[in-house]
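Structure data (compact mmCIF, C-alpha atoms) from work.txt:
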```txt
# COMPACT_ATOMS: atom_id res chain seq x y z
CA MET A 1 0.00 0.00 0.00
CA THR A 2 1.38 3.40 -0.90
CA ALA A 3 1.45 5.92 1.92
CA ALA A 4 -0.61 9.02 1.28
CA HIS A 5 1.04 12.40 1.76
CA HIS A 6 -0.91 15.22 3.35
CA GLN A 7 -0.21 18.79 4.33
CA LEU A 8 -1.76 20.82 7.15
CA ASP A 9 -1.46 24.57 7.17
CA ALA A 10 -1.36 25.69 10.82
CA ARG A 11 0.50 28.91 10.13
CA HIS A 12 -0.50 31.97 12.17
CA LEU A 13 -2.21 29.77 14.75
CA LEU A 14 -0.97 30.04 18.32
CA CYS A 15 -0.28 26.99 20.43
CA PRO A 16 -1.98 24.77 21.29
CA LEU A 17 -4.10 25.20 18.17
CA PRO A 18 -1.44 23.76 15.81
CA VAL A 19 -1.34 20.69 18.06
CA ILE A 20 -5.13 20.41 18.14
CA ARG A 21 -5.37 20.76 14.35
CA THR A 22 -2.65 18.13 13.96
CA GLN A 23 -4.37 15.78 16.41
CA ASP A 24 -7.72 16.15 14.64
CA PHE A 25 -6.20 15.74 11.18
CA VAL A 26 -4.21 12.65 12.15
CA GLN A 27 -7.45 11.01 13.33
CA THR A 28 -8.63 11.07 9.72
CA LEU A 29 -5.47 9.40 8.38
CA GLN A 30 -4.29 5.82 8.04
CA ALA A 31 -1.24 4.26 9.65
CA GLY A 32 1.73 4.85 7.37
CA ASP A 33 0.43 8.15 5.99
CA ILE A 34 2.80 11.10 5.99
CA LEU A 35 1.65 14.48 7.27
CA VAL A 36 3.57 17.71 6.85
CA VAL A 37 2.47 20.42 9.29
CA LEU A 38 3.36 24.05 8.57
CA CYS A 39 3.40 26.38 11.59
CA THR A 40 4.68 29.75 12.66
CA ASP A 41 4.28 29.53 16.45
CA PRO A 42 7.74 28.70 17.83
CA GLY A 43 6.09 26.57 20.51
CA ALA A 44 4.94 24.12 17.85
CA ILE A 45 8.46 22.86 17.24
CA ASN A 46 8.38 21.35 20.74
CA ASP A 47 4.68 20.67 21.13
CA ILE A 48 3.90 18.76 17.93
CA PRO A 49 6.83 16.36 18.36
CA ALA A 50 5.83 15.91 22.03
CA TRP A 51 2.25 15.18 21.00
CA SER A 52 3.53 12.74 18.34
CA ARG A 53 5.77 10.91 20.81
CA ILE A 54 3.08 10.41 23.44
CA ASN A 55 0.60 9.24 20.84
CA GLY A 56 3.00 6.85 19.17
CA HIS A 57 3.56 8.69 15.90
CA GLN A 58 6.95 9.16 14.34
CA VAL A 59 8.47 12.58 13.66
CA LEU A 60 10.57 12.19 10.52
CA GLU A 61 11.85 15.73 10.24
CA THR A 62 11.58 19.22 11.68
CA SER A 63 12.96 22.32 10.05
CA GLU A 64 12.64 26.06 10.48
CA HIS A 65 13.20 28.68 7.81
CA ASP A 66 12.32 32.38 7.96
CA GLY A 67 10.02 31.82 10.91
CA GLU A 68 8.15 28.98 9.23
CA ILE A 69 8.31 25.61 10.90
CA ARG A 70 7.83 22.39 8.95
CA ILE A 71 7.22 19.15 10.83
CA THR A 72 6.91 15.83 9.01
CA ILE A 73 5.06 13.07 10.85
CA LYS A 74 4.57 9.44 9.96
CA VAL A 75 1.23 8.28 11.29
CA CYS A 76 1.46 5.06 13.27
CA SER A 77 -1.16 2.66 14.51
CA PRO A 78 -2.62 3.95 17.78
CA ASP A 79 -2.45 0.44 19.24
CA THR A 80 0.92 -0.81 18.11
CA GLY A 81 2.75 2.40 17.37
CA ASN A 82 3.77 0.83 14.08
CA PRO A 83 3.29 2.34 10.65
CA ALA A 84 1.49 0.21 8.08
CA GLU A 85 3.74 -1.90 5.94
CA MET B 86 0.21 15.07 37.45
CA LEU B 87 0.19 13.83 41.05
CA ALA B 88 -3.41 12.65 40.95
CA ALA B 89 -2.79 10.78 37.72
CA ARG B 90 0.35 9.17 39.07
CA LEU B 91 -1.37 8.18 42.31
CA VAL B 92 -4.09 6.35 40.41
CA MET B 93 -1.67 4.89 37.86
CA ASP B 94 0.23 3.40 40.80
CA GLN B 95 -2.88 1.35 41.49
CA GLY B 96 -2.62 -0.20 38.04
CA VAL B 97 -5.31 1.96 36.45
CA HIS B 98 -4.92 2.97 32.80
CA VAL B 99 -5.02 6.77 32.69
CA GLU B 100 -5.16 9.15 29.73
CA GLY B 101 -5.12 12.92 29.96
CA ILE B 102 -7.62 15.46 28.66
CA ASN B 103 -6.73 19.11 28.31
CA PHE B 104 -9.36 21.69 27.36
CA PHE B 105 -8.44 24.77 25.37
CA THR B 106 -10.80 27.67 26.08
CA GLY B 107 -8.81 30.40 24.35
CA PHE B 108 -8.07 32.04 27.69
CA CYS B 109 -5.21 29.74 28.62
CA VAL B 110 -2.13 31.76 29.43
CA GLU B 111 0.59 29.46 28.30
CA GLY B 112 1.91 29.60 24.80
CA HIS B 113 0.30 32.63 23.32
CA THR B 114 2.13 35.76 24.23
CA HIS B 115 5.25 33.73 24.88
CA ALA B 116 5.35 33.00 21.20
CA ILE B 117 5.05 36.63 20.25
CA ARG B 118 7.03 38.85 22.57
CA LYS B 119 10.78 39.05 22.34
CA LYS B 120 11.23 39.22 26.12
CA ASP B 121 9.50 35.84 26.37
CA ARG B 122 11.35 34.20 23.52
CA LYS B 123 14.05 32.92 25.83
CA LYS B 124 11.47 31.15 27.99
CA GLN B 125 11.14 27.48 27.39
CA LYS B 126 8.19 27.01 25.09
CA ARG B 127 6.44 23.86 26.08
CA ASN B 128 2.85 22.95 26.54
CA ASN B 129 2.71 21.87 30.16
CA ALA B 130 -0.10 19.39 29.63
CA LEU B 131 1.87 17.64 26.89
CA TRP B 132 4.98 17.75 28.98
CA VAL B 133 3.21 16.22 31.98
CA ALA B 134 1.69 13.50 29.81
CA GLU B 135 5.10 12.64 28.47
CA GLN B 136 6.60 12.49 31.97
CA LEU B 137 3.81 10.15 33.03
CA GLY B 138 3.97 8.11 29.83
CA ILE B 139 0.29 8.61 29.07
CA LYS B 140 -1.65 9.82 26.05
CA LEU B 141 -3.07 13.33 26.08
CA HIS B 142 -6.14 14.54 24.24
CA ILE B 143 -6.36 18.30 23.73
CA VAL B 144 -9.91 19.41 23.15
CA ASP B 145 -10.88 22.71 21.54
CA VAL B 146 -13.83 24.10 23.55
CA ILE B 147 -13.50 27.73 22.44
CA GLU B 148 -17.04 28.06 21.08
CA GLU B 149 -18.79 26.10 23.82
CA TYR B 150 -16.89 27.99 26.48
CA LYS B 151 -18.60 31.23 25.46
CA GLN B 152 -21.76 30.26 27.33
CA VAL B 153 -19.71 29.54 30.46
CA LEU B 154 -18.07 32.93 30.39
CA LEU B 155 -21.04 34.95 29.24
CA ASN B 156 -23.69 33.39 31.47
CA PRO B 157 -22.11 31.84 34.54
CA VAL B 158 -24.78 30.44 36.83
CA HIS B 159 -22.49 30.85 39.83
CA GLY B 160 -21.11 34.25 38.87
CA TYR B 161 -17.57 35.50 38.62
CA GLY B 162 -14.61 35.49 40.95
CA GLN B 163 -12.52 38.55 41.63
CA HIS B 164 -12.32 39.40 37.93
CA MET B 165 -14.08 37.82 34.92
CA ASN B 166 -13.21 34.31 36.05
CA PRO B 167 -16.26 32.04 36.23
CA CYS B 168 -14.29 29.38 38.11
CA LEU B 169 -17.09 27.23 39.46
CA ASP B 170 -19.01 27.14 36.19
CA CYS B 171 -15.73 26.55 34.36
CA LYS B 172 -14.86 23.55 36.51
CA GLY B 173 -18.36 22.12 36.11
CA PHE B 174 -18.16 22.62 32.35
CA MET B 175 -14.79 20.90 32.04
CA VAL B 176 -15.83 17.96 34.16
CA ARG B 177 -19.01 17.68 32.08
CA LYS B 178 -16.90 17.64 28.90
CA ALA B 179 -14.64 15.03 30.47
CA TYR B 180 -17.71 12.99 31.40
CA GLU B 181 -18.94 13.13 27.80
CA TRP B 182 -15.47 12.18 26.63
CA ILE B 183 -15.15 9.11 28.85
CA GLN B 184 -18.58 7.92 27.73
CA ALA B 185 -17.60 8.31 24.08
CA ASN B 186 -14.22 6.66 24.52
CA GLY B 187 -14.96 3.77 26.82
CA PHE B 188 -13.36 4.98 30.02
CA ASP B 189 -14.79 4.27 33.47
CA PHE B 190 -14.28 7.35 35.58
CA ILE B 191 -12.69 10.80 35.80
CA ILE B 192 -9.88 11.94 38.04
CA THR B 193 -8.87 15.53 38.74
CA GLY B 194 -6.06 17.03 40.77
CA GLU B 195 -8.39 19.11 42.90
CA VAL B 196 -7.61 19.63 46.56
CA MET B 197 -10.28 20.69 49.01
CA GLY B 198 -9.73 24.29 50.13
CA GLN B 199 -7.03 24.93 47.54
CA ARG B 200 -8.94 27.49 45.53
CA PRO B 201 -11.50 29.97 46.82
CA MET B 202 -14.35 29.17 44.42
CA SER B 203 -14.35 25.75 42.84
CA GLN B 204 -12.40 23.72 45.40
CA ARG B 205 -14.32 24.33 48.60
CA ARG B 206 -16.06 21.70 50.68
CA ASP B 207 -19.42 23.13 49.64
CA THR B 208 -18.63 23.64 45.95
CA MET B 209 -16.82 20.42 45.11
CA PRO B 210 -20.10 18.45 45.26
CA VAL B 211 -21.69 21.13 43.03
CA VAL B 212 -19.12 20.39 40.33
CA ALA B 213 -19.77 16.65 40.59
CA ARG B 214 -23.54 17.15 40.49
CA GLU B 215 -23.88 19.84 37.83
CA SER B 216 -21.36 18.22 35.49
CA GLY B 217 -23.42 15.04 35.49
CA ALA B 218 -20.35 13.03 36.46
CA GLY B 219 -21.70 12.43 39.96
CA ASP B 220 -19.75 9.76 41.76
CA LEU B 221 -17.68 8.94 38.70
CA LEU B 222 -15.59 11.97 39.63
CA LEU B 223 -12.67 10.94 41.81
CA ARG B 224 -10.33 13.46 43.44
CA PRO B 225 -7.44 11.25 44.54
CA LEU B 226 -5.49 13.97 46.35
CA CYS B 227 -8.29 14.75 48.81
CA ALA B 228 -10.54 11.68 48.50
CA GLN B 229 -10.35 11.00 52.24
CA HIS B 230 -12.32 14.19 52.86
CA LEU B 231 -15.09 13.21 50.46
CA PRO B 232 -17.71 10.45 50.34
CA ALA B 233 -16.53 7.30 48.59
CA THR B 234 -17.08 7.44 44.85
CA LEU B 235 -18.14 4.57 42.63
CA PRO B 236 -14.54 3.66 41.66
CA GLU B 237 -13.75 3.36 45.38
CA ARG B 238 -16.90 1.46 46.30
CA GLU B 239 -16.43 -0.96 43.43
CA GLY B 240 -12.78 -1.50 44.31
CA TRP B 241 -11.46 -0.16 41.00
CA VAL B 242 -9.18 1.92 43.21
CA GLN B 243 -8.27 1.36 46.83
CA ARG B 244 -9.61 4.24 48.89
CA GLU B 245 -7.06 3.74 51.63
CA LYS B 246 -4.29 4.56 49.19
CA LEU B 247 -5.86 7.89 48.28
CA LEU B 248 -4.90 11.07 50.08
CA ASP B 249 -6.30 13.68 52.45
CA PHE B 250 -4.71 16.90 51.23
CA HIS B 251 -6.57 20.08 52.06
CA GLY B 252 -6.03 23.81 52.32
CA ARG B 253 -4.09 26.36 50.35
CA SER B 254 -0.59 25.15 51.17
CA ARG B 255 1.09 23.29 48.34
CA LYS B 256 3.70 21.77 50.59
CA PRO B 257 2.09 18.31 50.68
CA GLN B 258 1.94 18.28 46.87
CA MET B 259 5.55 19.38 46.65
CA ALA B 260 6.57 16.67 49.08
CA LEU B 261 4.68 14.06 47.04
CA ALA B 262 6.26 15.38 43.85
CA LYS B 263 9.66 14.97 45.45
CA GLN B 264 8.75 11.46 46.53
CA TYR B 265 7.86 10.63 42.93
CA GLY B 266 11.07 12.23 41.70
CA PHE B 267 9.29 15.06 39.88
CA SER B 268 11.74 17.92 40.18
CA ASP B 269 10.18 20.00 37.41
CA TYR B 270 6.49 20.78 37.28
CA ALA B 271 4.14 23.62 36.34
CA GLN B 272 4.27 26.48 38.80
CA PRO B 273 1.40 26.20 41.23
CA ALA B 274 -1.13 28.77 42.49
CA GLY B 275 -3.28 29.48 39.47
CA GLY B 276 -2.24 32.05 36.93
CA CYS B 277 -3.08 29.69 34.10
CA CYS B 278 -6.16 31.61 32.92
CA PHE B 279 -6.25 35.15 31.57
CA LEU B 280 -9.69 35.64 33.11
CA THR B 281 -8.11 35.82 36.56
CA ASP B 282 -5.99 38.75 35.38
CA ALA B 283 -7.31 42.22 36.29
CA ASN B 284 -5.92 43.95 33.18
CA TYR B 285 -7.18 41.31 30.80
CA SER B 286 -10.62 41.30 32.42
CA ALA B 287 -10.80 45.10 32.13
CA LYS B 288 -10.04 44.85 28.41
CA LEU B 289 -12.72 42.23 27.96
CA VAL B 290 -15.34 44.33 29.75
CA ASP B 291 -14.29 47.38 27.71
CA LEU B 292 -14.77 45.36 24.52
CA TRP B 293 -18.30 44.40 25.50
CA LYS B 294 -19.16 47.92 26.60
CA ALA B 295 -17.87 49.47 23.37
CA ARG B 296 -19.76 47.02 21.19
CA GLY B 297 -22.93 47.16 23.22
CA GLU B 298 -23.12 43.38 23.56
CA ARG B 299 -21.49 40.65 25.58
CA ASP B 300 -19.99 38.50 22.89
CA TYR B 301 -16.57 37.77 21.44
CA THR B 302 -14.77 35.95 18.69
CA PHE B 303 -11.61 33.92 19.12
CA ASP B 304 -9.64 36.69 17.39
CA ASP B 305 -11.04 39.21 19.89
CA ILE B 306 -9.79 37.31 22.90
CA ILE B 307 -6.40 36.70 21.32
CA LEU B 308 -5.99 40.38 20.44
CA LEU B 309 -6.78 41.34 24.04
CA LYS B 310 -3.53 39.61 24.94
CA ILE B 311 -1.45 41.55 22.44
CA GLY B 312 -0.15 45.11 22.52
CA ARG B 313 -1.05 48.31 24.31
CA HIS B 314 -4.77 49.11 24.15
CA LEU B 315 -5.95 52.73 24.02
CA ARG B 316 -9.51 53.96 23.59
CA PRO B 317 -9.31 57.68 22.76
CA SER B 318 -13.03 57.80 21.97
CA PRO B 319 -15.98 55.45 22.47
CA GLY B 320 -16.05 54.72 18.74
CA PHE B 321 -12.70 53.05 18.33
CA LYS B 322 -9.83 51.41 20.11
CA MET B 323 -6.17 51.31 19.14
CA ILE B 324 -4.12 48.14 19.55
CA ILE B 325 -0.52 49.32 19.48
CA ALA B 326 2.27 46.78 19.06
CA ARG B 327 4.90 47.08 21.77
CA GLU B 328 7.67 45.48 19.77
CA GLU B 329 8.53 43.92 16.45
CA GLY B 330 7.13 40.50 17.34
CA GLU B 331 3.75 42.02 18.16
CA SER B 332 3.84 44.14 14.96
CA ARG B 333 4.39 40.96 12.96
CA PHE B 334 1.57 39.21 14.74
CA LEU B 335 -0.85 42.13 14.33
CA ALA B 336 0.03 42.32 10.63
CA GLY B 337 -1.86 39.07 10.25
CA TYR B 338 -5.07 40.95 11.16
CA ARG B 339 -4.72 43.79 8.62
CA TYR B 340 -7.39 42.26 6.45
CA ARG B 341 -9.91 42.68 9.28
CA TYR B 342 -9.00 46.02 10.81
CA THR B 343 -7.90 49.44 9.63
CA SER B 344 -4.16 49.59 10.31
CA LEU B 345 -1.68 52.40 10.80
CA ASP B 346 1.98 52.02 9.97
CA PRO B 347 4.61 54.75 10.39
CA GLN B 348 6.52 55.28 7.13
CA SER B 349 8.94 58.13 7.75
CA HIS B 350 10.15 56.71 11.05
CA ALA B 351 10.37 53.28 12.67
CA GLY B 352 7.33 52.53 14.77
CA PRO B 353 4.66 50.08 15.76
CA LEU B 354 1.92 48.65 13.65
CA VAL B 355 -1.43 49.76 15.05
CA LEU B 356 -4.86 48.24 14.49
CA LEU B 357 -8.09 50.16 14.94
CA ASP B 358 -11.00 48.24 16.37
CA GLY B 359 -14.40 49.89 15.88
CA ASN B 360 -15.68 52.44 13.41
CA PRO B 361 -13.28 55.36 13.35
CA ALA B 362 -14.49 58.56 11.66
CA ALA B 363 -12.17 60.80 9.63
CA ASP B 364 -11.29 62.86 12.71
CA ASP B 365 -10.62 59.68 14.61
CA LEU B 366 -8.11 58.60 11.97
CA GLN B 367 -6.24 61.89 12.37
CA LEU B 368 -6.13 61.42 16.14
CA ALA B 369 -5.11 57.77 15.81
CA ALA B 370 -2.34 58.74 13.39
CA ARG B 371 -1.04 61.37 15.82
CA ILE B 372 -1.06 58.82 18.65
CA THR B 373 0.70 56.27 16.43
CA ALA B 374 3.33 58.93 15.67
CA ARG B 375 3.74 59.44 19.41
CA TYR B 376 4.69 55.78 19.83
CA SER B 377 7.09 55.87 16.85
CA GLN B 378 10.72 56.91 16.69
CA GLY B 379 9.46 60.18 15.27
CA ARG B 380 7.81 61.25 18.51
CA ASP B 381 10.04 64.33 18.66
CA ALA B 382 9.87 65.10 14.94
CA GLU B 383 7.74 67.89 13.55
CA THR B 384 5.77 65.50 11.39
CA VAL B 385 5.50 61.77 10.85
CA ASP B 386 4.07 60.03 7.79
CA ILE B 387 1.57 57.35 8.76
CA GLN B 388 0.19 54.93 6.21
CA VAL B 389 -3.47 54.17 6.88
CA THR B 390 -4.79 51.01 5.25
CA ASP B 391 -8.39 49.88 5.37
CA PRO B 392 -9.35 46.19 5.55
CA GLN B 393 -9.84 46.12 1.77
CA GLY B 394 -6.19 47.07 1.33
CA THR B 395 -6.66 50.69 0.18
CA SER B 396 -3.88 52.85 1.60
CA ARG B 397 -3.24 56.54 1.99
CA THR B 398 -0.66 58.50 3.87
CA LEU B 399 -1.41 61.02 6.60
CA THR B 400 1.31 63.48 7.57
CA VAL B 401 0.70 64.38 11.20
CA SER B 402 2.38 65.97 14.17
CA PRO B 403 2.92 63.50 17.03
CA ILE B 404 0.53 64.09 19.89
CA PRO B 405 2.34 65.42 22.99
CA ALA B 406 2.69 62.94 25.83
CA SER B 407 0.63 65.22 28.07
CA GLU B 408 -2.33 64.89 25.72
CA VAL B 409 -2.39 61.09 25.87
CA LEU B 410 -4.97 60.87 28.62
CA PRO B 411 -4.56 58.21 31.30
CA GLU B 412 -8.19 57.17 30.91
CA TRP B 413 -7.52 56.19 27.29
CA HIS B 414 -5.46 53.25 28.51
CA VAL B 415 -7.71 50.21 28.70
```

Could I get this structure in the form of structure tokens?
Amino acid sequence: MTAAHHQLDARHLLCPLPVIRTQDFVQTLQAGDILVVLCTDPGAINDIPAWSRINGHQVLETSEHDGEIRITIKVCSPDTGNPAE
Amino acid sequence: MLAARLVMDQGVHVEGINFFTGFCVEGHTHAIRKKDRKKQKRNNALWVAEQLGIKLHIVDVIEEYKQVLLNPVHGYGQHMNPCLDCKGFMVRKAYEWIQANGFDFIITGEVMGQRPMSQRRDTMPVVARESGAGDLLLRPLCAQHLPATLPEREGWVQREKLLDFHGRSRKPQMALAKQYGFSDYAQPAGGCCFLTDANYSAKLVDLWKARGERDYTFDDIILLKIGRHLRPSPGFKMIIAREEGESRFLAGYRYRYTSLDPQSHAGPLVLLDGNPAADDLQLAARITARYSQGRDAETVDIQVTDPQGTSRTLTVSPIPASEVLPEWHV
């Protein structure tokens, strides 16, 4: 199965809204899907990875350029913490 | 954190719920102001969940919370804080959540006598009753002072292992935190809600008074946290950025508000909330000039842009400091 790639624009939202939007979006995705979240709140660079860790999702990459933060998450199964094969 | 850990120690599976009302202090202005940029930016609820190794569900209750703030059955605290209604609302939302997600009961970190409104001997039962949670609401830190709840009666938790904390002192909690090896935790004693802040509450009341109705949007309550607020006339209010970070943030609202931006000198971005007349724009431009680097110049050029993006430049003399009336400050 090919993983679907998605993008969430959470720019100009203040924390915790980027986390909430990410949480709600991830609930609509399948294990193995890739989600790129765009944010501008500096808190998101800590909060979204923290949310991902405690919910068993994998952060593949974080980057920051000109005040824009880009976080790439691989959605994992809520039960096993494993991405789909 | 302590209540969750106490119950987890009894082998109970615990997950966290955190409600976002829009009035939560943490995060917002920290992300905007330069002086706060050095502060560690972490969401405490997420951080606590990670320390405990539990999942956390953050729930957006911004819209629903309006009714709590606008029509509190039990009234307000010292400022615009509807603490008792707020607690009842959150426990009710938690009750709905556990029913929807297959959980058995709710735990909170409340301590009898800790807070003057929602954590009194007489009000704690009100929260349990009005939330609908009833005896599915367990307060592990002070359970010994309360009647046994269903989880205790059914033996899902052992009552004798629950605690008897009471009163305003946080020393017992700090001692327990030390016992658990928690050296870092959110600073106690409230301060987590803007509605307990006198200045913020005054701005909120001013907003309602100026608009002639008690209502707000999410953007309204965010903007109350940003900048210096001046109301030179009943018809409009100025939101004046205090630094570059706030100017950048306010720039995101230029499509909704008339904005003023000094051109000939460095200065803050200013938003106008309300319906400013032509004379008001002149006055607002002069005030904006006062807060710019051109405050001592003969004239300052201020670009005025309406929400549709049409701009014009006003050349004005900065208003003298003595003419900025104290009562303008909201």

Using all atoms listed in the file, tabulate the residues of chain A lying at most 7 Å from any atom of chain B, each with its closest atom pair and that distance in Å to one decimal, by chain and increasing residue number, as CSV.
```
residue,atom,partner,partner_atom,distance
A:Leu14,CA,B:His113,CA,5.8
A:Cys15,CA,B:Gly112,CA,5.5
A:Ile20,CA,B:Ile143,CA,6.1
A:Asp41,CA,B:Ala116,CA,6.0
A:Pro42,CA,B:Ala116,CA,6.0
A:Gly43,CA,B:Lys126,CA,5.1
A:Asn46,CA,B:Arg127,CA,6.2
A:Asp47,CA,B:Arg127,CA,6.1
A:Ala50,CA,B:Leu131,CA,6.5
A:Trp51,CA,B:Leu131,CA,6.4
A:Ile54,CA,B:Lys140,CA,5.4
A:Asn55,CA,B:Lys140,CA,5.7
```

Which one is closest to Met86 (chain B): B:Glu195, B:Asp391, B:Glu215, B:Asp282? Count only C-alpha atoms. B:Glu195

From CA of Phe250 (chain B) to CA of Ser268 (chain B) the spacing works out at 19.8 Å

When you look at Val355 (chain B) with a cut-off of 12 Å (counting only C-alpha atoms), what residues show up, excluding the ones that are within fewer than 2 positions of it in the same chain? I need them as a ChimeraX atom specification. /B:308,311-315,322-329,331-339,342-347,352-353,357-358,366,369-377,387-391

Which protein, DNA or RNA residues have an atom at most 7 Å from (-14.1, 21.9, 28.7), counting all atoms listed in the file? List them as a ChimeraX atom specification. /B:104,146,174-176,178

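Atom pair CA of Ala295 (chain B) / CA of Val415 (chain B) has a distance of 11.5 Å (rounded to one decimal).
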
With all atoms listed in the file as the counted atoms, please give the residues lying no more than 7 Å from region 16-18 of chain A, apart from itself and same-chain residues fewer than 5 positions off, as a list in words. Ala10, Cys39 and Ala44 of chain A

Put those residues in a file: C-alpha atoms, as a short mmCIF file (atom, residue, chain, number, x, y, z; two decimals), in the coordinates of the input.
```
data_model
loop_
_atom_site.label_atom_id
_atom_site.label_comp_id
_atom_site.auth_asym_id
_atom_site.auth_seq_id
_atom_site.Cartn_x
_atom_site.Cartn_y
_atom_site.Cartn_z
CA ALA A 10 -1.36 25.69 10.82
CA CYS A 39 3.40 26.38 11.59
CA ALA A 44 4.94 24.12 17.85
#
```

Using only C-alpha atoms, pick whichever of B:Asp305, B:Glu239, B:Asp291, B:Glu149 has the shortest atom-to-atom distance to Leu221 (chain B). B:Glu239

Do you know which residues are at most 9 Å from Ile48 (chain A) counting all atoms listed in the file, after dropping those on the same chain fewer than 5 positions away, and could you put them as an MDAnalysis selection string? chainID A and resid 18:19 22:23 37 43 53 59 71

Got a sec: who's within 12 Å of Pro236 (chain B), counting all atoms listed in the file, leaving out chain neighbours fewer than 2 positions off, as a VMD selection string? chain B and resid 92 95 97 188 to 192 219 to 225 228 232 to 234 238 to 244 247
